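Colleague: Take this structure, written in structure tokens, and hold onto it; I'll ask about it next.
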Amino acid sequence: MTAAHLLAFVGAALLLIVVPGPSVLFVVGRALAHGRSVAVASALGGTLGSFLLAVLVAVGLGAAISRSAVFFLALKIIGGLYLCFLGVQAIRSRGDLDLDAGTGERRGAAHLRSVRQGVVVGLTNPKNLVFFAAVLPQFVVPAAGSTTRQMLIFAVIFCLIAAISDSIWGLVAARARDWFARSPRRLRAVGGAGGATMIGLGVGLVAAGRPN
């Protein structure tokens with residue numbers, strides 16, 4: 001693979017990543033509801049989930065799912081309902097957001113939970129599935145060696161870019177939250193807004209049509 005070939009892939013990945021989609025809106029919602037550290041943990045979890053999805057595509061399962069309307073619909077529904085569930089949780093706990101300043105053990109548990117939740121979002125992100133199954137294989141060069149290895153290399157590049165982009169989105173959203181945090185009432189309001197963002201994303205994900 002030439003440098004120009006890799007740059008072409010990076011350009012295609014950037015076009016998909018920088019446009020806000022399920023992963024970005026999930027991280028922004030988490031940032032508004034819980035702050036920067038949870039947002040970064042959610043972004044890292046989403047990146048891990050995306051990579052696991054890419055591995056499934058590399059071994060052939062993802063392509064089969066992307067061609068099946070039933071599996072694709074099931075993936076969307078699972079991901080959408082899970083996002084709605086997280087949004088409802090954020091709204092219900094918006095009055096307890098001051099607990100984010102608790103013990104290190106509590107913060108550590110919250111971060112691990114955020115990573116696990118991010119993994120689920122990354123795995124059930126139809127946007128990533130379409131890219132990995134339909135776009136990524138177009139950059140594979142048969143003469144360059146193992147197709148699976150090339151796809152995994154591309155997936156690592158994609159996930160690194162996504163981790164940086166999603167984390168930046170989360171940090172920017174968390175800065176806005178810091179201003180709201182000066183007032184308990186404003187903090188509860190922005191926590192509710194973060195939950196509503198995730199619910200809206202989940203509903204939109206379920207209602208969205210299947211890409212061609």
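Naming works like this for the structure tokens: A, B, ... for the chains as they're shown, residue 1 at the start of each chain, ligands 1 onward in shown order.
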Near region 39-46 of chain A, counting only C-alpha atoms, which residues have an atom at most 8 Å away, once you skip same-chain residues fewer than 5 positions from it, shown as a list in words?
Modeller: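 With the cut-off at 8 Å, the set is Ser23, Val27, Val28, Arg30, Ala31, His34, His111, Leu112, Ser114, Val115, Arg116, Gln117, Gly118, Val119, Val120, Val121, Gly122, Leu123, Ala163, Asp166, Ser167, Gly170, Leu171 and Ala174 of chain A.
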Colleague: Can you pull out every residue within 9 Å of region 14-16 of chain A, counting only C-alpha atoms, but drop anything in the same chain fewer than 3 positions away, and send it as a VMD selection string?
Modeller: chain A and resid 9 to 11 19 to 21 127 to 128 131 158 161 to 162
Colleague: Can you measure CA of Arg92 (chain A) to CA of Gly192 (chain A) for me? One decimal in Å is fine.
Modeller: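 Between CA of Arg92 (chain A) and CA of Gly192 (chain A) the gap is 8.1 Å.
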Colleague: Between CA of Pro22 (chain A) and CA of Arg149 (chain A), what is the distance, to one decimal in Å?
Modeller: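 Here the two named atoms are 27.1 Å from each other.
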Colleague: May I ask which of the residues A:Trp169, A:Phe26, A:Phe139, A:Phe85 is the closest one to Ile153 (chain A), counting only C-alpha atoms?
Modeller: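 Of A:Trp169, A:Phe26, A:Phe139, A:Phe85, the one nearest Ile153 (chain A), counting only C-alpha atoms, is A:Phe139.
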Colleague: With distances taken over only C-alpha atoms, which of A:Ala58, A:Gly29, A:Ala207, A:Leu7 is nearest to Ser146 (chain A)?
Modeller: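 When distances to Ser146 (chain A) are compared using only C-alpha atoms, the smallest one comes from A:Ala58.
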Colleague: Tell me which of A:Ile91, A:Ala155, A:Val135, A:Leu129 sits closest to Phe51 (chain A), counting only C-alpha atoms.
Modeller: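 Using only C-alpha atoms, the shortest distance to Phe51 (chain A) belongs to A:Ala155.
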